[in-house]
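*Asks:* Here it is, the structure, as structure tokens.
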Amino acid sequence: MTDPPERAVERAFHDEWGRIVATLIRRTGDWDLAEDCASEAFAEALRAWPRDGVPRRPGAWLTTVAGNRALDRLRRVRRAAELLEEVGRDPLRQEGVEMVEQLPEDDSGIGDDRLRLIFTCCHPSLAIEARVALTLRTLAGLTTPEIARAFLVEEAAMAKRLTRAKAKIAGAGIPYRVPPARLLPERLAAVLAVLYLMFNEGYAASSGNDLVRADLCAEAIRLTELLVELMPSEPEAAGLLALMLLQHSRRDARVDTGGELITLERQDRAVWDRAEIDRGLSTLGAALGQRAPGPYQLQAAIAACHASAADAESTDWAQIAGLYELLAVALPSPVVSLNRAVAVAMAGDLDRGLALVAELADAGELSGYHLLDATRADLLRRRGDLAQAAAAYELALTRAPSEPERRYLAQRLEEVSAGSG
Amino acid sequence: MNYLLLICSDGVPTADKAATMRHELSGWIEGIRQDVRIYGHELAGPATAKTVRVRDGETLVSDGPFIETKEFVAGFDILDCSDLDEAIDVAARHPVSWFHAIEVRPFAIDPATDARACLADDSRQTEELANKLAAPVADGATRYLLTMCQDGIRGTDEEEASVVRDGDAWAAEMRARGIQVYGHALAHAETATTVRVREGQTLLTDGPFIETKEFIGGIDLIDCADIEEAVAVAAAHPLARFHMIEVRPFAPA
């Protein structure tokens with residue numbers, strides 16, 4: 001069975017866009033030219049494929065067409081430069097000549113250009129927002145208006161952000177390459193951070209009313225899958241993929257019909273996406289098998305504990321507490337310590353959990369953070385100290401930054417107040 | 001590509017930090033391949049700076065750097081690197097980046113050739129430039145850094161064209177008089193990257209060290225008898241008519 005031509009173009013766009021752009025950037029050094037010629041190749045496919053049939057190798061067809069377009073344009077630039085030279089004006093830039101000669105060359109054995117592209121888009125000398133936008137534009141093929149909508153900014157502002165980032169890459173000499181071994185750990189971490197930010201941006205918004213924003217999750221997962229495919233011996237990349245899959249599997253259970261957030265404990269586990277959980281678990285298993293654990297694998301392992309529990313009561317909190325202890329070493333942060341305190345309490349030692357929360361409160365790093373008060377309130381409620389719990393909920397309520405969180409806390413406050421009164 | 005490192009201070013360092021930086025600095029210079037670092041020098045403190053403007057034919061001189069903040073430029077280095085990663089690496093090994101910050105700015109691409117920002121065509125010319133800059137300053141003269149500061153407001157086309165045209169004439173004259181030893185425009189401030197190293201981690205930020213509408217458009221090195229002559233040389237530059245020029249003596253050796 002074969003796809004209708006339009007569907008085949010759509011599928012090819014999904015599969016091949018990033019590869020074509022990445023290759024053209026390497027061959028021409030010109031980001032705008034690469035994007036323009038890739039767009040033209042897909043436009044040409046929409047005309048040619050219904051007429052001539054879908055080519056046997058759509059990717060190769062598109063790459064050739066895009067490459068020829070780029071060659072034509074560079075030849076025109078060269079011709080113009082030659083004409084100028086003849087009348088004694090600016091000589092042609094030397095590199096331009098070489099580019100035209102090089103363009104038709106075969107690129108086998110050079111490695112995947114998409115990997116070069118992802119590291120260049122995520123170069124830490126670019127602002128983080130620019131890295132995310134550039135990755136979505138060049139690798140995932142989202143249009144500028146789509147990216148602007150996803151990040152709730154004006155289209156003109158997003159276009160400017162992208163133009164600026166590309167100008168910096170060219171003007172500041174950001175290399176187009178996979179970083180050498182000595183830089184790789186730091187730079188890979190930067191790439192993973194961009195992908196996770198992209199995912200979280202979509203996840204925070206996946207309330208169903210803005211599909212473009214929710215699509216960011218799917219794009220982030222797709223790009224991370226690509227990274228794992230291209231760098232199979234980097235377990236943290238696989239760890240991040242597993243983490244995304246396991247979090248994403250709960251997307252439909254996270255909010256109720258009224259748009260209110262539902263905590264993990266109260267979610268309907270029948271709504272969790274089993275297939276995605278299985279994929280997350282097997283990805284995580286393969287990553288852990290490489291015996292180089294890191295923050296993403298540990299977070300994925302914690303998510304896996306939740307995903308594997310048949311119901312909230314059978315959650316292996318002791319295991320989770322142990323994982324948070326490791327995570328607190330790998331990625332020291334007061335928020336990780338707070339989560340560890342919760343896990344210790346849920347594993348059965350409420351007093352110790354509350355003591356850990358008190359320690360954190362004394363350290364002062366989380367002062368004013370509503371989740372510190374909300375956590376203390378929740379643990380006090382579980383221990384039966386309803387009056388103290390109510391006081392802590394009241395404090396959390398004054399500090400909560402968003403309306404859904406305030407509504408959630410107000411409801412809990414009402415429950416404990418009813419219980420203690 | 002050629003890069004300018006602006007060695008930036010967040011304020012006066014404590015005595016032990018200053019001692020550490022001074023101690024490590026010679027190791028930094030020795031550790032860099034000679035063909036990477038073309039030239040560099042520490043500047044005298046910001047209190048020695050004069051900012052020069054010419055308005056309606058009158059030279060206006062104010063004391064202090066062109067932007068008054070507690071942060072200031074304490075020195076500079078000119079590098080020849082293969083790409084931004086190499087320039088960042090050199091900056092991250094500079095001890096000042098461990099306590100303060102270093103701004104990495106590419107030099108401007110020469111519009112005449114459209115070639116990549118390049119001060120010299122080959123390694124021989126790079127070496128000649130390095131030797132020329134490293135040669136001792138003539139007896140009785142002091143070297144000054146002129147920082148060409150643009151205020152972010154573009155002049156009319158005629159004004160901008162006159163800055164380029166008269167700027168070239170200014171450079172030719174000052175070279176002929178043995179005053180200008182070096183000068184080059186920088187790429188736009190948006191190509192800047194600021195490097196800090198904290199707890200062994202290299203932290204990068206997009207953009208210049210001090211984010212203001214004013215930005216540094218280029219640098220010149222001049223050898224003058226005294227600050228009066230240096231101010232007069234700066235005032236003769238067309239940029240002073242529309243923007244401003246900061247004049248700073250080098251720190252004594």
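Order determines the names: the first chain of the structure tokens is A, the second B, and so forth; residues in each chain are numbered 1 upward, and ligands are numbered 1 upward as they are shown.
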If we count only C-alpha atoms and set the cut-off at 7 Å, which residues sit around Pro235 of chain A, ignoring sequence neighbours fewer than 4 positions away in its own chain? Please answer as number ranges by chain.

*Replies:* A: 239, 287, 290, 292

*Asks:* Which of segment 115-158 of chain A end up as helix (DSSP H, G or I) when DSSP is run on this backbone - answer as an MDAnalysis selection string?

*Replies:* chainID A and resid 115:121 128:138 144:150 155:158

*Asks:* Mind writing the picked residues with N, CA and C atoms as an mmCIF file, in the first residue's frame?

*Replies:*
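Below is the file out.cif, written as the result:
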data_model
loop_
_atom_site.group_PDB
_atom_site.id
_atom_site.type_symbol
_atom_site.label_atom_id
_atom_site.label_comp_id
_atom_site.auth_asym_id
_atom_site.auth_seq_id
_atom_site.Cartn_x
_atom_site.Cartn_y
_atom_site.Cartn_z
ATOM 1 N N LEU A 115 23.671 15.939 13.651
ATOM 2 C CA LEU A 115 24.354 16.020 14.940
ATOM 3 C C LEU A 115 25.149 17.325 15.048
ATOM 4 N N ARG A 116 25.833 17.690 13.951
ATOM 5 C CA ARG A 116 26.538 18.984 13.922
ATOM 6 C C ARG A 116 25.540 20.117 14.155
ATOM 7 N N LEU A 117 24.393 20.003 13.477
ATOM 8 C CA LEU A 117 23.395 21.064 13.551
ATOM 9 C C LEU A 117 22.860 21.222 14.976
ATOM 10 N N ILE A 118 22.599 20.107 15.626
ATOM 11 C CA ILE A 118 22.012 20.181 16.966
ATOM 12 C C ILE A 118 23.010 20.809 17.951
ATOM 13 N N PHE A 119 24.285 20.475 17.815
ATOM 14 C CA PHE A 119 25.283 21.049 18.729
ATOM 15 C C PHE A 119 25.496 22.535 18.445
ATOM 16 N N THR A 120 25.387 22.926 17.179
ATOM 17 C CA THR A 120 25.572 24.338 16.839
ATOM 18 C C THR A 120 24.365 25.160 17.298
ATOM 19 N N CYS A 121 23.155 24.624 17.066
ATOM 20 C CA CYS A 121 21.941 25.321 17.524
ATOM 21 C C CYS A 121 21.933 25.485 19.038
ATOM 22 N N ILE A 128 19.406 31.059 25.732
ATOM 23 C CA ILE A 128 18.675 29.784 25.797
ATOM 24 C C ILE A 128 17.414 29.819 24.927
ATOM 25 N N GLU A 129 16.685 30.946 24.925
ATOM 26 C CA GLU A 129 15.466 31.041 24.118
ATOM 27 C C GLU A 129 15.809 30.909 22.631
ATOM 28 N N ALA A 130 16.956 31.481 22.250
ATOM 29 C CA ALA A 130 17.388 31.411 20.856
ATOM 30 C C ALA A 130 17.756 29.969 20.486
ATOM 31 N N ARG A 131 18.368 29.259 21.418
ATOM 32 C CA ARG A 131 18.749 27.862 21.146
ATOM 33 C C ARG A 131 17.510 27.010 20.886
ATOM 34 N N VAL A 132 16.511 27.181 21.735
ATOM 35 C CA VAL A 132 15.279 26.406 21.583
ATOM 36 C C VAL A 132 14.619 26.725 20.241
ATOM 37 N N ALA A 133 14.508 28.024 19.933
ATOM 38 C CA ALA A 133 13.830 28.443 18.709
ATOM 39 C C ALA A 133 14.572 27.950 17.471
ATOM 40 N N LEU A 134 15.895 28.065 17.495
ATOM 41 C CA LEU A 134 16.698 27.681 16.341
ATOM 42 C C LEU A 134 16.624 26.170 16.107
ATOM 43 N N THR A 135 16.609 25.397 17.187
ATOM 44 C CA THR A 135 16.514 23.945 17.065
ATOM 45 C C THR A 135 15.171 23.558 16.457
ATOM 46 N N LEU A 136 14.110 24.229 16.910
ATOM 47 C CA LEU A 136 12.780 23.924 16.368
ATOM 48 C C LEU A 136 12.676 24.320 14.899
ATOM 49 N N ARG A 137 13.302 25.433 14.523
ATOM 50 C CA ARG A 137 13.221 25.901 13.136
ATOM 51 C C ARG A 137 14.040 25.001 12.210
ATOM 52 N N THR A 138 15.308 24.805 12.545
ATOM 53 C CA THR A 138 16.205 24.155 11.582
ATOM 54 C C THR A 138 16.111 22.632 11.639
ATOM 55 N N THR A 144 8.422 29.899 11.611
ATOM 56 C CA THR A 144 8.577 30.981 12.587
ATOM 57 C C THR A 144 7.250 31.320 13.272
ATOM 58 N N PRO A 145 6.125 31.460 12.540
ATOM 59 C CA PRO A 145 4.856 31.734 13.237
ATOM 60 C C PRO A 145 4.475 30.620 14.227
ATOM 61 N N GLU A 146 4.735 29.369 13.866
ATOM 62 C CA GLU A 146 4.425 28.265 14.791
ATOM 63 C C GLU A 146 5.240 28.382 16.072
ATOM 64 N N ILE A 147 6.537 28.675 15.927
ATOM 65 C CA ILE A 147 7.398 28.788 17.115
ATOM 66 C C ILE A 147 6.953 29.990 17.951
ATOM 67 N N ALA A 148 6.604 31.092 17.275
ATOM 68 C CA ALA A 148 6.151 32.288 17.990
ATOM 69 C C ALA A 148 4.901 31.966 18.813
ATOM 70 N N ARG A 149 3.949 31.239 18.208
ATOM 71 C CA ARG A 149 2.728 30.872 18.933
ATOM 72 C C ARG A 149 3.055 29.965 20.113
ATOM 73 N N ALA A 150 3.977 29.030 19.899
ATOM 74 C CA ALA A 150 4.318 28.078 20.960
ATOM 75 C C ALA A 150 4.932 28.780 22.164
ATOM 76 N N GLU A 155 5.214 37.309 16.354
ATOM 77 C CA GLU A 155 5.937 36.689 15.248
ATOM 78 C C GLU A 155 7.185 37.495 14.857
ATOM 79 N N ALA A 156 7.032 38.815 14.840
ATOM 80 C CA ALA A 156 8.171 39.670 14.457
ATOM 81 C C ALA A 156 9.321 39.507 15.446
ATOM 82 N N ALA A 157 8.958 39.386 16.733
ATOM 83 C CA ALA A 157 9.995 39.241 17.753
ATOM 84 C C ALA A 157 10.716 37.906 17.591
ATOM 85 N N MET A 158 9.945 36.853 17.257
ATOM 86 C CA MET A 158 10.554 35.541 17.068
ATOM 87 C C MET A 158 11.451 35.536 15.832
#

*Asks:* Leaving out Arg399 of chain A and any residue of its chain fewer than 4 positions from it, which residues lie within 12 Å of it when counting only C-alpha atoms, given as a list in words?

*Replies:*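 The residues satisfying every condition are Leu366, Ser367, Gly368, Tyr369, His370, Leu371, Leu372, Asp373, Ala374, Ala392, Tyr393, Glu394, Leu395, Glu403, Glu405, Arg406 and Leu409 of chain A.
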
*Asks:* Please report as number ranges by chain which residues of chain B come no farther than 12 Å from chain A, using only C-alpha atoms.

*Replies:* B: 1-4, 80-89, 103-118, 186-196, 200-208

*Asks:* Rounded to one decimal, what separation in Å do you get between atom CA of Ala355 of chain A and atom CA of Asp316 of chain A?

*Replies:* 21.0 Å

*Asks:* Which residues are near Gly152 of chain B? Cut-off 6 Å, only C-alpha atoms, ignore same chain within fewer than 2 positions. Put them as a PDB file with C-alpha atoms, in the first residue's frame.

*Replies:*
ATOM      1  CA  GLN B 150      28.841  54.261  19.724  1.00  0.00           C
ATOM      2  CA  LYS B 213      22.590  50.993  24.419  1.00  0.00           C
ATOM      3  CA  GLU B 214      26.155  52.260  24.101  1.00  0.00           C
TER       4      GLU B 214
END
